[in-house]
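Structure first, then comments.
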Amino acid sequence: VEPFETEIAVQQIESELGGPLGQFFTSISEEPVAAASLAQVYLATLNDGKDTRVAIKVQRPDVLSTVSKDLYVLRRAAEVFQGLVERFAPQQRTSYVDLLNEWSIGFYTELDFQSEANNQNKLRQDLLDNGITGVTVPRVYDELCTRRILVSQWMDGVKLSECPKEEIAEGTAIAQEAFLTQLFETGFFHADPHPGNMLKLYKPTEEGAELL
C-alpha cells in the first residue's frame, strides 16, 4: 500500500500525544518501514536517555471515516440481500444483516490501537505465565499509546517464511506449542499465525525467545 506523508504522520503523533515530537522521541525514520491499509510503522528512538528503539504504528488519516462509509454501503446491501433471501429462499436461516453487524464491530475494534495494545500486553503475559519462552510479544509503551498511535518494542529479525527450510521446521515446532497453549489453555490466541506474520529474531531475547 502506498504510504502517506511522514509530515502528516508526525502531526498525528503530536496531536495524539499532546506535545512536540521531540518531547517523546529523539529520532524517527524519514520514511515508514512498512505501510498497510490501516496504518504505517516508523522506527524511532525514545527520549528516555537511552535512545531505546521502538516501533510507532500510526493510523492512516481519515481511515475511520472511509471505513464507516464502506460499512454503511455494505449494511444497506445486506438489508437488500436479506430481503431477497427471505422472499426466494426462506429455508436459508442465516441473518446476513446480523453477520455484517458483527463483522463491523470487529473492524471498528481493529481501528482502536488502545485495544490492540491491551491485547498485546495480555498475550505477552499469557505466554510468560504458561512457561512459553520460545515465542515473545513486543513490550508496549502504554503511556505513549492512544486510539490511533501504538508504540511498542522494536525487534530485529527476518520473516519465518523467508528462512531456510531447516529453520522453518525448528520454528514451526516452537510456534505450534505456543499456539496450542493459547488455543487450549488460555483461550486468547493470535488469529492469523502464518509464517509471514512471524519473525525469527536475529538475537534471542533475555527469556530465550527466538520467534516474534
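By order in the C-alpha cells, chains are A, B, ...; within a chain, residues start at 1; ligands start at 1, following the order shown.
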Residues within 8 Å of Glu16 of chain A, please, as a PyMOL selection string. Count only C-alpha atoms; anything in the same chain fewer than 5 positions from it doesn't count. chain A and resi 146+148-149
At most 12 Å is the cut-off: for each residue in segment 99-150 of chain A with any atom that close to an atom of segment 37-44 of chain A, write down the nearest atom pair and the distance in Å rounded to one decimal, counting only C-alpha atoms, chain first then increasing number, as a Markdown table.
```
| residue | atom | partner | partner_atom | distance |
| --- | --- | --- | --- | --- |
| A:Phe107 | CA | A:Leu38 | CA | 10.6 |
| A:Tyr108 | CA | A:Leu38 | CA | 11.2 |
| A:Glu110 | CA | A:Leu38 | CA | 8.9 |
| A:Leu111 | CA | A:Leu38 | CA | 7.5 |
| A:Asp112 | CA | A:Leu38 | CA | 10.7 |
| A:Phe113 | CA | A:Ala39 | CA | 10.1 |
| A:Arg148 | CA | A:Ala39 | CA | 8.9 |
| A:Ile149 | CA | A:Ala39 | CA | 9.2 |
| A:Leu150 | CA | A:Val41 | CA | 9.2 |
```
For Phe4 of chain A, work out the shell of residues within 9 Å, counting only C-alpha atoms and skipping chain neighbours fewer than 5 positions away, then give it as a list in words. Ala9, Pro32, Ala35, Gln40, Arg60 and Pro61 of chain A
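Considering only C-alpha atoms, the residue among A:Ala89, A:Leu183, A:Ala117, A:Met198 positioned nearest to Arg147 of chain A is A:Ala117.
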Using backbone DSSP assignments, extract all alpha helix (DSSP H) residues from segment 15-185 of chain A; output them as a compact mmCIF listing (two decimals) with N, CA, C and O atoms, in the first residue's frame.
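Final output, saved to out-v2.txt:
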```txt
# COMPACT_ATOMS: atom_id res chain seq x y z
N SER A 15 -0.40 15.34 17.79
CA SER A 15 -1.78 15.61 18.19
C SER A 15 -2.27 14.57 19.20
O SER A 15 -2.91 14.91 20.20
N GLU A 16 -1.94 13.32 18.95
CA GLU A 16 -2.40 12.25 19.83
C GLU A 16 -1.70 12.30 21.19
O GLU A 16 -2.32 12.03 22.23
N LEU A 17 -0.43 12.62 21.20
CA LEU A 17 0.34 12.61 22.45
C LEU A 17 0.31 13.96 23.17
O LEU A 17 0.75 14.06 24.32
N LEU A 21 7.06 16.36 18.91
CA LEU A 21 7.65 15.03 18.72
C LEU A 21 8.88 14.83 19.61
O LEU A 21 9.05 13.77 20.22
N GLY A 22 9.74 15.87 19.69
CA GLY A 22 10.98 15.76 20.47
C GLY A 22 10.76 15.56 21.95
O GLY A 22 11.68 15.14 22.66
N GLN A 23 9.56 15.84 22.43
CA GLN A 23 9.27 15.61 23.85
C GLN A 23 9.21 14.11 24.16
O GLN A 23 9.48 13.70 25.29
N PHE A 24 8.92 13.32 23.15
CA PHE A 24 8.72 11.89 23.36
C PHE A 24 9.77 11.03 22.65
O PHE A 24 10.11 9.95 23.13
N VAL A 63 -9.11 7.25 8.03
CA VAL A 63 -9.47 5.86 7.76
C VAL A 63 -10.79 5.49 8.43
O VAL A 63 -11.57 4.71 7.89
N LEU A 64 -11.06 6.08 9.60
CA LEU A 64 -12.31 5.79 10.30
C LEU A 64 -13.51 6.23 9.46
O LEU A 64 -14.50 5.51 9.34
N SER A 65 -13.40 7.42 8.85
CA SER A 65 -14.48 7.93 8.01
C SER A 65 -14.67 7.05 6.78
O SER A 65 -15.79 6.71 6.40
N THR A 66 -13.55 6.65 6.17
CA THR A 66 -13.61 5.81 4.97
C THR A 66 -14.25 4.46 5.28
O THR A 66 -15.13 3.99 4.54
N VAL A 67 -13.80 3.85 6.37
CA VAL A 67 -14.34 2.54 6.75
C VAL A 67 -15.83 2.65 7.06
O VAL A 67 -16.63 1.79 6.68
N SER A 68 -16.22 3.72 7.76
CA SER A 68 -17.63 3.90 8.13
C SER A 68 -18.52 4.01 6.90
O SER A 68 -19.62 3.44 6.86
N LYS A 69 -18.06 4.75 5.91
CA LYS A 69 -18.84 4.89 4.67
C LYS A 69 -18.97 3.54 3.96
O LYS A 69 -20.06 3.18 3.48
N ASP A 70 -17.86 2.80 3.90
CA ASP A 70 -17.90 1.48 3.25
C ASP A 70 -18.85 0.54 3.98
O ASP A 70 -19.63 -0.20 3.36
N LEU A 71 -18.77 0.55 5.31
CA LEU A 71 -19.63 -0.33 6.09
C LEU A 71 -21.10 0.05 5.95
O LEU A 71 -21.98 -0.82 5.98
N TYR A 72 -21.36 1.34 5.82
CA TYR A 72 -22.75 1.79 5.63
C TYR A 72 -23.31 1.22 4.32
O TYR A 72 -24.44 0.71 4.28
N VAL A 73 -22.51 1.31 3.26
CA VAL A 73 -22.94 0.78 1.96
C VAL A 73 -23.16 -0.73 2.05
O VAL A 73 -24.17 -1.26 1.55
N LEU A 74 -22.24 -1.42 2.72
CA LEU A 74 -22.38 -2.88 2.86
C LEU A 74 -23.61 -3.23 3.70
O LEU A 74 -24.30 -4.21 3.42
N ARG A 75 -23.88 -2.43 4.71
CA ARG A 75 -25.04 -2.69 5.58
C ARG A 75 -26.34 -2.56 4.79
O ARG A 75 -27.25 -3.38 4.92
N ARG A 76 -26.43 -1.52 3.96
CA ARG A 76 -27.64 -1.35 3.13
C ARG A 76 -27.75 -2.49 2.12
O ARG A 76 -28.86 -2.99 1.85
N ALA A 77 -26.62 -2.90 1.56
CA ALA A 77 -26.64 -4.02 0.60
C ALA A 77 -27.08 -5.30 1.30
O ALA A 77 -27.82 -6.11 0.71
N ALA A 78 -26.63 -5.49 2.54
CA ALA A 78 -27.02 -6.69 3.29
C ALA A 78 -28.52 -6.71 3.55
O ALA A 78 -29.16 -7.77 3.51
N GLU A 79 -29.10 -5.53 3.80
CA GLU A 79 -30.54 -5.45 4.03
C GLU A 79 -31.32 -5.87 2.77
O GLU A 79 -32.31 -6.61 2.85
N VAL A 80 -30.84 -5.38 1.62
CA VAL A 80 -31.50 -5.74 0.36
C VAL A 80 -31.35 -7.24 0.11
O VAL A 80 -32.33 -7.93 -0.25
N PHE A 81 -30.15 -7.75 0.29
CA PHE A 81 -29.89 -9.17 0.06
C PHE A 81 -30.72 -10.04 1.01
O PHE A 81 -31.26 -11.07 0.61
N GLN A 82 -30.82 -9.59 2.27
CA GLN A 82 -31.61 -10.32 3.25
C GLN A 82 -33.08 -10.43 2.81
O GLN A 82 -33.71 -11.47 2.94
N GLY A 83 -33.58 -9.33 2.28
CA GLY A 83 -34.96 -9.33 1.80
C GLY A 83 -35.17 -10.31 0.65
O GLY A 83 -36.19 -11.01 0.59
N LEU A 84 -34.19 -10.39 -0.26
CA LEU A 84 -34.29 -11.32 -1.38
C LEU A 84 -34.22 -12.77 -0.90
O LEU A 84 -34.96 -13.63 -1.40
N VAL A 85 -33.34 -13.02 0.08
CA VAL A 85 -33.21 -14.37 0.61
C VAL A 85 -34.51 -14.80 1.28
O VAL A 85 -35.00 -15.93 1.08
N GLU A 86 -35.08 -13.92 2.09
CA GLU A 86 -36.32 -14.26 2.81
C GLU A 86 -37.48 -14.50 1.85
O GLU A 86 -38.39 -15.28 2.12
N ARG A 87 -37.44 -13.83 0.69
CA ARG A 87 -38.53 -13.99 -0.28
C ARG A 87 -38.37 -15.23 -1.16
O ARG A 87 -39.34 -15.95 -1.40
N PHE A 88 -37.13 -15.46 -1.63
CA PHE A 88 -36.93 -16.52 -2.60
C PHE A 88 -36.26 -17.77 -2.03
O PHE A 88 -36.24 -18.81 -2.69
N TYR A 96 -27.90 -12.22 7.31
CA TYR A 96 -26.75 -11.53 6.74
C TYR A 96 -26.57 -10.14 7.33
O TYR A 96 -25.45 -9.62 7.40
N VAL A 97 -27.63 -9.53 7.78
CA VAL A 97 -27.53 -8.23 8.44
C VAL A 97 -26.79 -8.38 9.77
O VAL A 97 -25.89 -7.61 10.09
N ASP A 98 -27.18 -9.39 10.57
CA ASP A 98 -26.50 -9.63 11.84
C ASP A 98 -25.04 -9.99 11.63
O ASP A 98 -24.16 -9.59 12.39
N LEU A 99 -24.80 -10.77 10.58
CA LEU A 99 -23.43 -11.18 10.25
C LEU A 99 -22.57 -9.96 9.93
O LEU A 99 -21.44 -9.82 10.41
N LEU A 100 -23.12 -9.04 9.13
CA LEU A 100 -22.40 -7.82 8.78
C LEU A 100 -22.20 -6.93 10.00
O LEU A 100 -21.12 -6.35 10.18
N ASN A 101 -23.21 -6.87 10.87
CA ASN A 101 -23.08 -6.07 12.10
C ASN A 101 -21.94 -6.58 12.97
O ASN A 101 -21.15 -5.81 13.51
N GLU A 102 -21.87 -7.90 13.13
CA GLU A 102 -20.83 -8.50 13.97
C GLU A 102 -19.45 -8.24 13.37
O GLU A 102 -18.50 -7.92 14.07
N TRP A 103 -19.36 -8.39 12.07
CA TRP A 103 -18.09 -8.15 11.38
C TRP A 103 -17.67 -6.69 11.52
O TRP A 103 -16.49 -6.39 11.70
N SER A 104 -18.63 -5.79 11.48
CA SER A 104 -18.34 -4.36 11.61
C SER A 104 -17.77 -4.03 12.99
O SER A 104 -16.86 -3.22 13.11
N ILE A 105 -18.32 -4.68 14.01
CA ILE A 105 -17.80 -4.46 15.37
C ILE A 105 -16.33 -4.83 15.43
O ILE A 105 -15.50 -4.11 15.99
N GLY A 106 -16.00 -5.98 14.83
CA GLY A 106 -14.61 -6.41 14.81
C GLY A 106 -13.73 -5.44 14.05
O GLY A 106 -12.60 -5.17 14.45
N PHE A 107 -14.26 -4.89 12.96
CA PHE A 107 -13.48 -3.96 12.15
C PHE A 107 -13.20 -2.67 12.93
O PHE A 107 -12.08 -2.15 12.93
N TYR A 108 -14.22 -2.15 13.61
CA TYR A 108 -14.02 -0.94 14.40
C TYR A 108 -13.04 -1.18 15.55
O TYR A 108 -12.24 -0.31 15.89
N THR A 109 -13.11 -2.37 16.14
CA THR A 109 -12.17 -2.71 17.22
C THR A 109 -10.74 -2.71 16.70
O THR A 109 -9.81 -2.30 17.40
N GLU A 110 -10.56 -3.16 15.46
CA GLU A 110 -9.23 -3.20 14.86
C GLU A 110 -8.68 -1.79 14.65
O GLU A 110 -7.46 -1.60 14.58
N PHE A 113 -6.28 1.28 18.47
CA PHE A 113 -4.95 0.79 18.81
C PHE A 113 -4.75 0.62 20.30
O PHE A 113 -3.86 -0.10 20.74
N GLN A 114 -5.58 1.30 21.11
CA GLN A 114 -5.51 1.08 22.55
C GLN A 114 -5.96 -0.34 22.88
O GLN A 114 -5.37 -1.01 23.73
N SER A 115 -6.97 -0.79 22.18
CA SER A 115 -7.42 -2.17 22.34
C SER A 115 -6.34 -3.14 21.88
O SER A 115 -6.09 -4.17 22.53
N GLU A 116 -5.68 -2.81 20.78
CA GLU A 116 -4.59 -3.66 20.29
C GLU A 116 -3.45 -3.73 21.30
O GLU A 116 -2.87 -4.80 21.52
N ALA A 117 -3.14 -2.60 21.93
CA ALA A 117 -2.09 -2.58 22.95
C ALA A 117 -2.46 -3.47 24.12
O ALA A 117 -1.62 -4.23 24.64
N ASN A 118 -3.72 -3.41 24.54
CA ASN A 118 -4.18 -4.26 25.64
C ASN A 118 -4.08 -5.74 25.28
O ASN A 118 -3.67 -6.57 26.10
N ASN A 119 -4.45 -6.07 24.05
CA ASN A 119 -4.34 -7.45 23.59
C ASN A 119 -2.89 -7.91 23.55
O ASN A 119 -2.57 -9.05 23.90
N GLN A 120 -2.01 -7.02 23.10
CA GLN A 120 -0.59 -7.34 23.02
C GLN A 120 -0.04 -7.62 24.43
O GLN A 120 0.71 -8.59 24.63
N ASN A 121 -0.40 -6.78 25.37
CA ASN A 121 0.05 -6.97 26.75
C ASN A 121 -0.46 -8.30 27.31
O ASN A 121 0.28 -9.02 27.98
N LYS A 122 -1.74 -8.59 27.06
CA LYS A 122 -2.33 -9.83 27.60
C LYS A 122 -1.67 -11.06 27.00
O LYS A 122 -1.35 -12.01 27.71
N LEU A 123 -1.48 -11.05 25.68
CA LEU A 123 -0.87 -12.22 25.04
C LEU A 123 0.55 -12.42 25.52
O LEU A 123 0.97 -13.57 25.78
N ARG A 124 1.30 -11.34 25.67
CA ARG A 124 2.67 -11.44 26.17
C ARG A 124 2.69 -12.07 27.56
O ARG A 124 3.47 -12.99 27.83
N GLN A 125 1.81 -11.60 28.43
CA GLN A 125 1.78 -12.11 29.81
C GLN A 125 1.27 -13.56 29.85
O GLN A 125 1.77 -14.37 30.63
N ASP A 126 0.30 -13.88 29.00
CA ASP A 126 -0.22 -15.25 28.95
C ASP A 126 0.89 -16.24 28.60
O ASP A 126 0.99 -17.32 29.19
N LEU A 127 1.72 -15.88 27.64
CA LEU A 127 2.82 -16.76 27.23
C LEU A 127 3.80 -16.96 28.38
O LEU A 127 4.23 -18.09 28.66
N LEU A 128 4.15 -15.88 29.04
CA LEU A 128 5.09 -15.97 30.15
C LEU A 128 4.51 -16.79 31.30
O LEU A 128 5.20 -17.63 31.90
N ASP A 129 3.23 -16.55 31.61
CA ASP A 129 2.59 -17.26 32.72
C ASP A 129 2.49 -18.76 32.46
O ASP A 129 2.41 -19.56 33.41
N LYS A 165 14.60 -23.90 5.03
CA LYS A 165 13.62 -24.90 5.43
C LYS A 165 13.91 -25.48 6.81
O LYS A 165 12.99 -25.77 7.58
N GLU A 166 15.20 -25.67 7.12
CA GLU A 166 15.55 -26.25 8.42
C GLU A 166 15.12 -25.33 9.56
O GLU A 166 14.61 -25.79 10.59
N GLU A 167 15.31 -24.02 9.38
CA GLU A 167 14.93 -23.06 10.41
C GLU A 167 13.41 -22.95 10.52
O GLU A 167 12.87 -22.74 11.61
N ILE A 168 12.72 -23.07 9.37
CA ILE A 168 11.26 -23.04 9.39
C ILE A 168 10.73 -24.24 10.18
O ILE A 168 9.80 -24.12 10.98
N ALA A 169 11.34 -25.40 9.98
CA ALA A 169 10.92 -26.60 10.70
C ALA A 169 11.12 -26.43 12.20
O ALA A 169 10.25 -26.78 13.01
N GLU A 170 12.26 -25.87 12.60
CA GLU A 170 12.53 -25.64 14.02
C GLU A 170 11.54 -24.62 14.58
O GLU A 170 11.00 -24.79 15.68
N GLY A 171 11.30 -23.55 13.82
CA GLY A 171 10.40 -22.51 14.28
C GLY A 171 8.97 -22.99 14.38
O GLY A 171 8.21 -22.57 15.26
N THR A 172 8.59 -23.90 13.46
CA THR A 172 7.22 -24.42 13.46
C THR A 172 6.91 -25.15 14.77
O THR A 172 5.82 -25.00 15.34
N ALA A 173 7.86 -25.94 15.25
CA ALA A 173 7.65 -26.68 16.49
C ALA A 173 7.46 -25.72 17.67
O ALA A 173 6.59 -25.92 18.53
N ILE A 174 8.28 -24.67 17.70
CA ILE A 174 8.18 -23.68 18.78
C ILE A 174 6.86 -22.94 18.70
O ILE A 174 6.15 -22.76 19.70
N ALA A 175 6.50 -22.51 17.48
CA ALA A 175 5.26 -21.76 17.29
C ALA A 175 4.03 -22.62 17.57
O ALA A 175 3.03 -22.14 18.11
N GLN A 176 4.11 -23.90 17.21
CA GLN A 176 2.98 -24.81 17.42
C GLN A 176 2.66 -24.95 18.91
O GLN A 176 1.50 -24.90 19.32
N GLU A 177 3.69 -25.10 19.71
CA GLU A 177 3.49 -25.22 21.16
C GLU A 177 2.84 -23.95 21.71
O GLU A 177 1.90 -24.00 22.51
N ALA A 178 3.33 -22.79 21.24
CA ALA A 178 2.79 -21.52 21.72
C ALA A 178 1.33 -21.36 21.31
O ALA A 178 0.49 -20.94 22.12
N PHE A 179 1.00 -21.71 20.07
CA PHE A 179 -0.36 -21.53 19.59
C PHE A 179 -1.34 -22.49 20.28
O PHE A 179 -2.44 -22.10 20.66
N LEU A 180 -0.94 -23.74 20.45
CA LEU A 180 -1.82 -24.70 21.11
C LEU A 180 -2.06 -24.32 22.57
O LEU A 180 -3.16 -24.54 23.10
N THR A 181 -1.05 -23.75 23.20
CA THR A 181 -1.24 -23.25 24.57
C THR A 181 -2.26 -22.13 24.59
O THR A 181 -3.14 -22.08 25.46
```
Ranking A:Val54, A:Val135, A:Gln182, A:Asp142 by minimum distance to Leu201 of chain A and counting only C-alpha atoms, which one comes first? A:Val135
Extract the full set of strand (DSSP E) residues from segment 136-173 of chain A according to DSSP on the backbone, and format it as a PDB file with all heavy atoms, in the first residue's frame.
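Result went into selection_4.pdb, see below:
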```pdb
ATOM      1  N   ILE A 149      -2.443   5.662  17.852  1.00  0.00           N
ATOM      2  CA  ILE A 149      -0.992   5.506  17.915  1.00  0.00           C
ATOM      3  C   ILE A 149      -0.655   4.308  18.796  1.00  0.00           C
ATOM      4  O   ILE A 149      -1.182   4.177  19.899  1.00  0.00           O
ATOM      5  CB  ILE A 149      -0.303   6.758  18.510  1.00  0.00           C
ATOM      6  CG1 ILE A 149      -0.624   7.996  17.677  1.00  0.00           C
ATOM      7  CG2 ILE A 149       1.210   6.554  18.611  1.00  0.00           C
ATOM      8  CD1 ILE A 149      -0.004   7.997  16.296  1.00  0.00           C
ATOM      9  N   LEU A 150       0.240   3.439  18.316  1.00  0.00           N
ATOM     10  CA  LEU A 150       0.704   2.300  19.115  1.00  0.00           C
ATOM     11  C   LEU A 150       2.231   2.300  19.101  1.00  0.00           C
ATOM     12  O   LEU A 150       2.848   2.252  18.038  1.00  0.00           O
ATOM     13  CB  LEU A 150       0.173   0.992  18.530  1.00  0.00           C
ATOM     14  CG  LEU A 150       0.673  -0.300  19.174  1.00  0.00           C
ATOM     15  CD1 LEU A 150       0.187  -0.398  20.613  1.00  0.00           C
ATOM     16  CD2 LEU A 150       0.207  -1.519  18.378  1.00  0.00           C
ATOM     17  N   VAL A 151       2.826   2.370  20.290  1.00  0.00           N
ATOM     18  CA  VAL A 151       4.287   2.375  20.410  1.00  0.00           C
ATOM     19  C   VAL A 151       4.713   1.103  21.144  1.00  0.00           C
ATOM     20  O   VAL A 151       4.262   0.841  22.262  1.00  0.00           O
ATOM     21  CB  VAL A 151       4.790   3.614  21.173  1.00  0.00           C
ATOM     22  CG1 VAL A 151       6.310   3.582  21.294  1.00  0.00           C
ATOM     23  CG2 VAL A 151       4.346   4.896  20.469  1.00  0.00           C
ATOM     24  N   SER A 152       5.554   0.320  20.506  1.00  0.00           N
ATOM     25  CA  SER A 152       5.998  -0.936  21.107  1.00  0.00           C
ATOM     26  C   SER A 152       7.478  -1.173  20.844  1.00  0.00           C
ATOM     27  O   SER A 152       8.111  -0.480  20.035  1.00  0.00           O
ATOM     28  CB  SER A 152       5.172  -2.115  20.586  1.00  0.00           C
ATOM     29  OG  SER A 152       5.239  -2.199  19.170  1.00  0.00           O
ATOM     30  N   GLN A 153       8.004  -2.137  21.518  1.00  0.00           N
ATOM     31  CA  GLN A 153       9.420  -2.507  21.442  1.00  0.00           C
ATOM     32  C   GLN A 153       9.808  -2.860  20.008  1.00  0.00           C
ATOM     33  O   GLN A 153       9.094  -3.577  19.319  1.00  0.00           O
ATOM     34  CB  GLN A 153       9.642  -3.702  22.372  1.00  0.00           C
ATOM     35  CG  GLN A 153      11.028  -4.289  22.390  1.00  0.00           C
ATOM     36  CD  GLN A 153      11.072  -5.546  23.248  1.00  0.00           C
ATOM     37  OE1 GLN A 153      10.029  -6.080  23.649  1.00  0.00           O
ATOM     38  NE2 GLN A 153      12.263  -6.012  23.552  1.00  0.00           N
ATOM     39  N   GLY A 157      14.708  -8.941  13.029  1.00  0.00           N
ATOM     40  CA  GLY A 157      14.655 -10.332  12.606  1.00  0.00           C
ATOM     41  C   GLY A 157      14.264 -10.436  11.144  1.00  0.00           C
ATOM     42  O   GLY A 157      14.224  -9.442  10.420  1.00  0.00           O
ATOM     43  N   VAL A 158      13.956 -11.649  10.721  1.00  0.00           N
ATOM     44  CA  VAL A 158      13.552 -11.905   9.344  1.00  0.00           C
ATOM     45  C   VAL A 158      12.277 -12.743   9.384  1.00  0.00           C
ATOM     46  O   VAL A 158      12.069 -13.550  10.301  1.00  0.00           O
ATOM     47  CB  VAL A 158      14.670 -12.651   8.568  1.00  0.00           C
ATOM     48  CG1 VAL A 158      15.000 -13.992   9.208  1.00  0.00           C
ATOM     49  CG2 VAL A 158      14.300 -12.826   7.113  1.00  0.00           C
ATOM     50  N   LYS A 159      11.407 -12.544   8.408  1.00  0.00           N
ATOM     51  CA  LYS A 159      10.170 -13.318   8.363  1.00  0.00           C
ATOM     52  C   LYS A 159      10.494 -14.807   8.352  1.00  0.00           C
ATOM     53  O   LYS A 159      11.381 -15.260   7.621  1.00  0.00           O
ATOM     54  CB  LYS A 159       9.353 -12.956   7.124  1.00  0.00           C
ATOM     55  CG  LYS A 159       8.670 -11.615   7.188  1.00  0.00           C
ATOM     56  CD  LYS A 159       7.804 -11.398   5.954  1.00  0.00           C
ATOM     57  CE  LYS A 159       7.077 -10.059   6.015  1.00  0.00           C
ATOM     58  NZ  LYS A 159       6.230  -9.851   4.819  1.00  0.00           N
TER      59      LYS A 159
END
```
With only C-alpha atoms as the counted atoms, please give the residues lying no more than 7 Å from segment 202-208 of chain A, apart from itself and same-chain residues fewer than 4 positions off, as a VMD selection string. chain A and resid 133 to 134 156 to 157
Requested write-out: N, CA and C atoms of the selected residues, as a CSV table (one decimal), in the first residue's frame:
```
chain,number,residue,atom,x,y,z
A,133,THR,N,8.5,-19.7,26.4
A,133,THR,CA,9.7,-18.8,26.3
A,133,THR,C,10.2,-18.7,24.9
A,134,GLY,N,9.8,-19.6,24.0
A,134,GLY,CA,10.4,-19.6,22.7
A,134,GLY,C,9.8,-18.6,21.8
A,156,ASP,N,14.5,-6.9,15.9
A,156,ASP,CA,15.1,-7.2,14.6
A,156,ASP,C,15.0,-8.6,14.3
A,157,GLY,N,14.7,-8.9,13.0
A,157,GLY,CA,14.7,-10.3,12.6
A,157,GLY,C,14.3,-10.4,11.1
```
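Taking atom CA of Trp154 of chain A and atom CA of Ala209 of chain A as endpoints, the distance between them is 14.4 Å.
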Suppose you want the space between atom CA of Val33 of chain A and atom CA of Thr45 of chain A; what is it in Å? 14.0 Å
